[in-house]
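Worksheet for the structure shown next.
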Amino acid sequence: MAIYLNNNVGVKLATNAAPTTPSIDISSYVTNAVINQIVDELEVTAMGDTAHKFVAGLQSATFSVDFINDWAASQVNETLSAAFGKTLAVSVITVKGTAVSALAWLWTVEGTFAAIGSAIGGLIAENYGPRWCFAMTSVSVFIGYLILAAGKKHFVRANELPSDESDLNAMEDNADKNR
């Protein structure tokens, strides 16, 4: 599974002097960031099974960043050359003004409700007729609009730009404190 973070992601690197505190911002040089997660597949098929069975095994993950190199003093090349062979912290955060989304959860919920709606729609169409099914669809769309209109006021804060303090707090909350 690959997760592409090319939607305006901020990247900060730590230095040798402070290996656990990302402080050098190379966000303006980043063109793409990708998280790859691979899970080994182990076969657990037993005698008498009618199909192969698999379970998840060990996981491995990589994080790669594509950037435009800059050979100027105190820029990307100097920072990465000093970090070569070392273990340093990296912070990947959304840049101010970038919308943060959770599409995977949205798709999961949407798919679940679509499956339930299809099953209920089939039962209604089979037992009462397709006209009732179309009527229920229209009512459901109207109820969905009412829910969105009523809930809109609860998401006003999600459109606000975060402050520098809230960005730092988010980085501190996500920092590995065991190093």
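Identifiers in this document derive from the order of the structure tokens: chains are assigned A, B, ..., residues are numbered from 1 separately in each chain, and ligands are numbered from 1 in order of occurrence.
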Give me the residues near Gln59 (chain A) as a PDB file with C-alpha atoms, in the first residue's frame, where near means some atom within 9 Å (using only C-alpha atoms) and where sequence neighbours in that chain fewer than 4 positions away do not count.
ATOM      1  CA  GLN A  37       3.863  -0.399   3.720  1.00  0.00           C
ATOM      2  CA  ILE A  38       4.370  -4.034   2.749  1.00  0.00           C
ATOM      3  CA  VAL A  39       3.010  -7.030   4.643  1.00  0.00           C
ATOM      4  CA  ASP A  40       4.342 -10.549   4.054  1.00  0.00           C
TER       5      ASP A  40
END
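Among the candidate residues A:Ala150, A:Ile26, A:Ala135, A:Ala51, the one lying nearest to Lys12 (chain A) is A:Ile26, with distances computed using only C-alpha atoms.
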List the spatial neighbours of region 70-79 of chain A as a list of chain:residue names - criterion: any atom at most 9 Å away, only C-alpha atoms, same-chain residues fewer than 2 positions off excluded.
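Here the answer would be A:Leu13, A:Ala14, A:Thr15, A:Ile24, A:Ile26, A:Tyr29, A:Phe67, A:Ile68, A:Ser81, A:Ala82, A:Ala83, A:Phe84.
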Selection above as a file: N, CA and C atoms, as a CSV table (one decimal), in the first residue's frame:
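File written: result-v5.csv
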chain,number,residue,atom,x,y,z
A,13,LEU,N,13.7,18.4,9.2
A,13,LEU,CA,14.8,17.4,9.6
A,13,LEU,C,15.5,17.9,10.9
A,14,ALA,N,16.0,16.9,11.6
A,14,ALA,CA,16.8,17.2,12.8
A,14,ALA,C,18.2,17.3,12.4
A,15,THR,N,19.1,17.8,13.3
A,15,THR,CA,20.5,18.0,13.0
A,15,THR,C,21.3,17.0,14.0
A,24,ILE,N,15.2,21.9,10.9
A,24,ILE,CA,15.5,22.5,9.6
A,24,ILE,C,14.3,22.2,8.6
A,26,ILE,N,12.8,21.9,5.2
A,26,ILE,CA,13.1,21.7,3.8
A,26,ILE,C,11.8,21.6,2.9
A,29,TYR,N,11.5,22.6,-0.7
A,29,TYR,CA,12.3,21.8,-1.7
A,29,TYR,C,11.6,20.5,-2.0
A,67,PHE,N,12.9,15.6,-3.5
A,67,PHE,CA,13.1,17.1,-3.3
A,67,PHE,C,14.0,17.6,-4.4
A,68,ILE,N,14.0,18.9,-4.5
A,68,ILE,CA,14.9,19.6,-5.4
A,68,ILE,C,16.2,20.0,-4.6
A,81,SER,N,24.1,15.8,3.8
A,81,SER,CA,25.4,15.2,3.9
A,81,SER,C,25.8,15.0,5.4
A,82,ALA,N,25.5,16.0,6.2
A,82,ALA,CA,25.8,15.8,7.6
A,82,ALA,C,25.0,14.7,8.3
A,83,ALA,N,23.8,14.4,7.8
A,83,ALA,CA,23.0,13.4,8.3
A,83,ALA,C,23.3,12.0,7.8
A,84,PHE,N,24.1,11.8,6.8
A,84,PHE,CA,24.4,10.6,6.2
A,84,PHE,C,25.0,9.6,7.2
Residue nearest Ser118 (chain A) - candidates A:Arg131, A:Met136, A:Ala158, A:Asp66, atoms counted: only C-alpha atoms
A:Met136
Contact residues around Phe63 (chain A) with only C-alpha atoms at 9 Å, ignoring same-chain residues under 5 positions, as an MDAnalysis selection string:
chainID A and resid 33:37
Go ahead and write the residues just picked, C-alpha atoms, as a CSV table (one decimal), in the first residue's frame.
chain,number,residue,atom,x,y,z
A,33,ALA,CA,6.6,12.1,-0.2
A,34,VAL,CA,5.5,8.5,-0.3
A,35,ILE,CA,4.9,6.0,2.5
A,36,ASN,CA,5.1,2.3,1.4
A,37,GLN,CA,3.9,-0.4,3.7
Please report, as number ranges by chain, each residue of chain A to which DSSP assigns strand (DSSP E or B) when run on this structure's backbone.
A: 2-4, 9-13, 24-25, 30-43, 54-67, 90-94
note - CA of Val109 (chain A) and CA of Leu123 (chain A) are separated by 21.3 Å
Excluding Val55 (chain A) and residues on its chain fewer than 4 positions from it, collect all residues at most 9 Å away from it, counting only C-alpha atoms, and give them as a PyMOL selection string.
chain A and resi 40-44
Two-atom distance - CA of Gly10 (chain A), CA of Lys86 (chain A) (Å)
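About the pair CA of Gly10 (chain A) and CA of Lys86 (chain A): they are 21.4 Å apart.
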Interatomic distance, CA of Ser27 (chain A) to CA of Ala61 (chain A) (Å, one decimal)
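Between CA of Ser27 (chain A) and CA of Ala61 (chain A) the gap is 22.0 Å.
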